[in-house]
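Participant: Before I ask anything, let me first share the structure, which is written out below as structure tokens.
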Amino acid sequence: MDQNVIISLDNIHKSFGSLDVLRGINLDVSKGESAVVMGGSGSGKSVLIKHIVGLIKADQGTIRVLDKQVEELGEDEMDELRLSIGYLFQSGALFDSMTVFENLMFFLDRHAELTSSEAKDRIVETLEWVSLPEKVGHYPAELSGGQKKRIALARAVILEPKIILYDEPTTGLDPVSVRMVSDLIVRLQEDRGITSVAITHDLLCAEIIADQVHFLHHGEILATGPLNEISQHDHPAIATFFGSETIQQN
């Protein structure tokens with residue numbers, strides 16, 4: 001395997017009962033790369049990225065992340081690996097009963113060996129990075145949709161991970177917020193060398209962040225390449241996806 005590859009899925013199969021969700025997935029992501037997985041609803045995108053962080057176990061195949069074979073790790077080893085992987089959930093998944101500061105401190109208290117002063121400095125620095133330092137004392141209900149996503153992104157990077165997985169990072173946002181969140185993802189890649197895997201329906205987001213696009217259809221990757229090449233692919237499922245008004249508006 002190429003030494004620059006830090007995420008590798010080899011012949012991954014996953015079924016739920018009689019439903020075959022992933023059917024022989026092969027996907028490599030190199031260090032510092034931004035990979036985007038696209039495809040219609042029900043194609044297996046969320047199931048695919050959950051395998052990377054060990055939230056779902058494959059029925060067949062091997063997964064290597066940061067030189068570790070995921071399916072062979074014990075619980076403690078998997079927890080340690082997860083500390084190197086940030087995860088931005090589609091909903092943001094902020095704790096509604098906690099302020100922004102408390103949401104960020106929650107993870108630092110449990111997973112970082114920092115003094116109270118160092119933790120506060122890390123929170124201030126991270127909030128400044130997402131351009132929301134003034135929201136430190138606010139609750140999630142007091143934030144706009146775009147602000148919630150940026151705070152969720154701040155939480156995903158607060159432990160300084162090497163990899164971030166994004167599950168529909170811009171869904172439900174207006175175009176201005178889509179561009180702002182997408183630009184932050186690019187900055188993470190350029191400034192911090194963070195490797196990312198994102199699933200998205202949002203063409204604008206994909207245009208901004210993608211180095212490589214992997215198009216998933218019925219549990220199989222039909223094509224891999226730059227977005228401009230994939231969007232012109234002649235496979236009927238890909239042509240329908242990129243030609244639909246739903247994708248352009250999402």
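Identifiers in the structure tokens: chain A, B, ... in order shown; residue index from 1 per chain; ligand index from 1 in order shown.
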Output as a ChimeraX atom specification all residues of range 14-247 of chain A that backbone DSSP marks as strand (DSSP E).
Facilitator: /A:14-16,19-30,34-38,60-65,68-69,85-88,163-167,195-199,212-217,220-225
Participant: Counting only C-alpha atoms, which residues of range 42-88 of chain A sit at most 7 Å from some atom of range 153-164 of chain A, and what is each one's closest atom pair with its distance in Å to one decimal, listed by chain and rising residue number, as a Markdown table?
Facilitator:
```
| residue | atom | partner | partner_atom | distance |
| --- | --- | --- | --- | --- |
| A:Leu83 | CA | A:Pro161 | CA | 6.7 |
| A:Ser84 | CA | A:Pro161 | CA | 4.3 |
| A:Ile85 | CA | A:Ile163 | CA | 4.8 |
| A:Gly86 | CA | A:Ile164 | CA | 4.3 |
| A:Tyr87 | CA | A:Ile164 | CA | 5.6 |
| A:Leu88 | CA | A:Ala156 | CA | 6.1 |
```
Participant: Export N, CA and C atoms of the chosen residues as a PDB file, in the first residue's frame?
Facilitator:
```
ATOM      1  N   LEU A  83      -9.690   9.179  18.753  1.00  0.00           N
ATOM      2  CA  LEU A  83      -9.222  10.495  19.191  1.00  0.00           C
ATOM      3  C   LEU A  83      -8.468  11.216  18.073  1.00  0.00           C
ATOM      4  N   SER A  84      -8.028  10.475  17.064  1.00  0.00           N
ATOM      5  CA  SER A  84      -7.347  11.074  15.913  1.00  0.00           C
ATOM      6  C   SER A  84      -8.306  11.375  14.775  1.00  0.00           C
ATOM      7  N   ILE A  85      -9.604  11.098  15.004  1.00  0.00           N
ATOM      8  CA  ILE A  85     -10.605  11.264  13.950  1.00  0.00           C
ATOM      9  C   ILE A  85     -11.729  12.159  14.453  1.00  0.00           C
ATOM     10  N   GLY A  86     -11.905  13.314  13.825  1.00  0.00           N
ATOM     11  CA  GLY A  86     -13.048  14.166  14.127  1.00  0.00           C
ATOM     12  C   GLY A  86     -14.245  13.742  13.286  1.00  0.00           C
ATOM     13  N   TYR A  87     -15.453  13.976  13.797  1.00  0.00           N
ATOM     14  CA  TYR A  87     -16.666  13.571  13.077  1.00  0.00           C
ATOM     15  C   TYR A  87     -17.667  14.709  13.165  1.00  0.00           C
ATOM     16  N   LEU A  88     -18.032  15.253  12.013  1.00  0.00           N
ATOM     17  CA  LEU A  88     -19.046  16.308  11.967  1.00  0.00           C
ATOM     18  C   LEU A  88     -20.358  15.674  11.523  1.00  0.00           C
TER      19      LEU A  88
END
```
Participant: At a cut-off of 9 Å, using only C-alpha atoms, what residues contact Ser97 in chain A? Leave out same-chain residues fewer than 2 positions from it and give the result as a list in words.
Facilitator: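 My list of contacting residues is Leu94, Phe95, Thr99, Tyr139 and Pro140 of chain A.
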Participant: Quick one: distance from CA of Cys205 in chain A to CA of Ser43 in chain A in Å, one decimal?
Facilitator: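 Here the two named atoms are 19.1 Å from each other.
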Participant: If we count only C-alpha atoms, what is near Val178 in chain A at a cut-off of 8 Å, once residues fewer than 3 positions away on the same chain are taken out, given as a PyMOL selection string?
Facilitator: chain A and resi 146+170+173-175+181-182+204-205
Participant: Would you save the residues from that selection as a JSON list (two decimals), in the first residue's frame, using N, CA and C atoms?
Facilitator:
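Dumped everything to again_34.json:
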```
[["chain", "number", "residue", "atom", "x", "y", "z"],
["A", 146, "GLY", "N", -26.13, 28.04, 10.14],
["A", 146, "GLY", "CA", -24.73, 28.12, 9.74],
["A", 146, "GLY", "C", -23.80, 28.24, 10.92],
["A", 170, "THR", "N", -23.10, 20.60, 4.93],
["A", 170, "THR", "CA", -23.77, 21.86, 4.59],
["A", 170, "THR", "C", -25.26, 21.69, 4.34],
["A", 173, "LEU", "N", -28.31, 24.55, 4.67],
["A", 173, "LEU", "CA", -27.75, 25.89, 4.80],
["A", 173, "LEU", "C", -27.99, 26.71, 3.53],
["A", 174, "ASP", "N", -28.04, 28.03, 3.70],
["A", 174, "ASP", "CA", -28.14, 28.92, 2.55],
["A", 174, "ASP", "C", -26.79, 28.97, 1.84],
["A", 175, "PRO", "N", -26.76, 29.44, 0.58],
["A", 175, "PRO", "CA", -25.50, 29.42, -0.19],
["A", 175, "PRO", "C", -24.34, 30.15, 0.48],
["A", 181, "VAL", "N", -18.79, 27.43, 5.40],
["A", 181, "VAL", "CA", -18.41, 26.15, 6.01],
["A", 181, "VAL", "C", -17.42, 25.41, 5.10],
["A", 182, "SER", "N", -17.69, 25.42, 3.80],
["A", 182, "SER", "CA", -16.81, 24.73, 2.85],
["A", 182, "SER", "C", -15.42, 25.34, 2.85],
["A", 204, "LEU", "N", -22.18, 22.75, -4.68],
["A", 204, "LEU", "CA", -21.31, 23.88, -4.37],
["A", 204, "LEU", "C", -20.25, 23.47, -3.36],
["A", 205, "CYS", "N", -20.65, 22.76, -2.32],
["A", 205, "CYS", "CA", -19.70, 22.26, -1.32],
["A", 205, "CYS", "C", -18.66, 21.37, -1.98]]
```
Participant: Need to verify the contact set: range 65-81 of chain A, 7 Å, only C-alpha atoms, exclusion of same-chain residues closer than 6 positions in sequence. Can you return it as a compact mmCIF listing (two decimals) with N, CA and C atoms, in the first residue's frame?
Facilitator:
```
# COMPACT_ATOMS: atom_id res chain seq x y z
N ILE A 6 -3.62 6.96 4.10
CA ILE A 6 -3.86 6.79 5.54
C ILE A 6 -5.27 6.25 5.83
N ILE A 7 -6.11 6.17 4.80
CA ILE A 7 -7.41 5.49 4.92
C ILE A 7 -7.53 4.55 3.73
N SER A 8 -7.77 3.29 4.00
CA SER A 8 -7.88 2.33 2.92
C SER A 8 -9.00 1.33 3.21
N GLY A 54 -15.22 2.90 12.79
CA GLY A 54 -15.57 1.72 13.56
C GLY A 54 -16.95 1.74 14.19
```
Participant: As an exercise, work out the distance from CA of Ile194 in chain A to CA of Phe107 in chain A in Å and give it to one decimal place.
Facilitator: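 Interatomic distance, CA of Ile194 in chain A to CA of Phe107 in chain A: 19.0 Å.
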Participant: Give me, please, the distance in Å between CA of Asp234 in chain A and CA of Phe215 in chain A, quoted to one decimal.
Facilitator: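 Computing it gives 12.6 Å between the two atoms.
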Participant: Which one of A:Gly40, A:Gly17, A:Gly32, A:Gly24 sits closest to Asp202 in chain A if you count only C-alpha atoms?
Facilitator: A:Gly40
Participant: Choose the residue, out of A:Glu134, A:Phe242, A:Glu102, A:Leu22, that has the smallest atom-to-atom separation from Lys120 in chain A; count only C-alpha atoms.
Facilitator: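 Once distances to Lys120 in chain A are computed over only C-alpha atoms, the minimum belongs to A:Glu102.
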Participant: Residues at most 9 Å from Leu48 in chain A, counting only C-alpha atoms, excluding those fewer than 4 positions away in the same chain, as an MDAnalysis selection string?
Facilitator: chainID A and resid 12 14 21:22 25 44 52 56 219
Participant: Residues at most 8 Å from Pro133 in chain A, counting only C-alpha atoms, excluding those fewer than 4 positions away in the same chain, as a ChimeraX atom specification?
Facilitator: /A:124,127-128
Participant: What would the file look like if the residues just selected were written as a tab-separated table (two decimals), in the first residue's frame with C-alpha atoms?
Facilitator:
```
chain	number	residue	atom	x	y	z
A	124	VAL	CA	-10.85	30.77	22.38
A	127	LEU	CA	-13.74	29.84	18.13
A	128	GLU	CA	-11.66	32.61	16.60
```
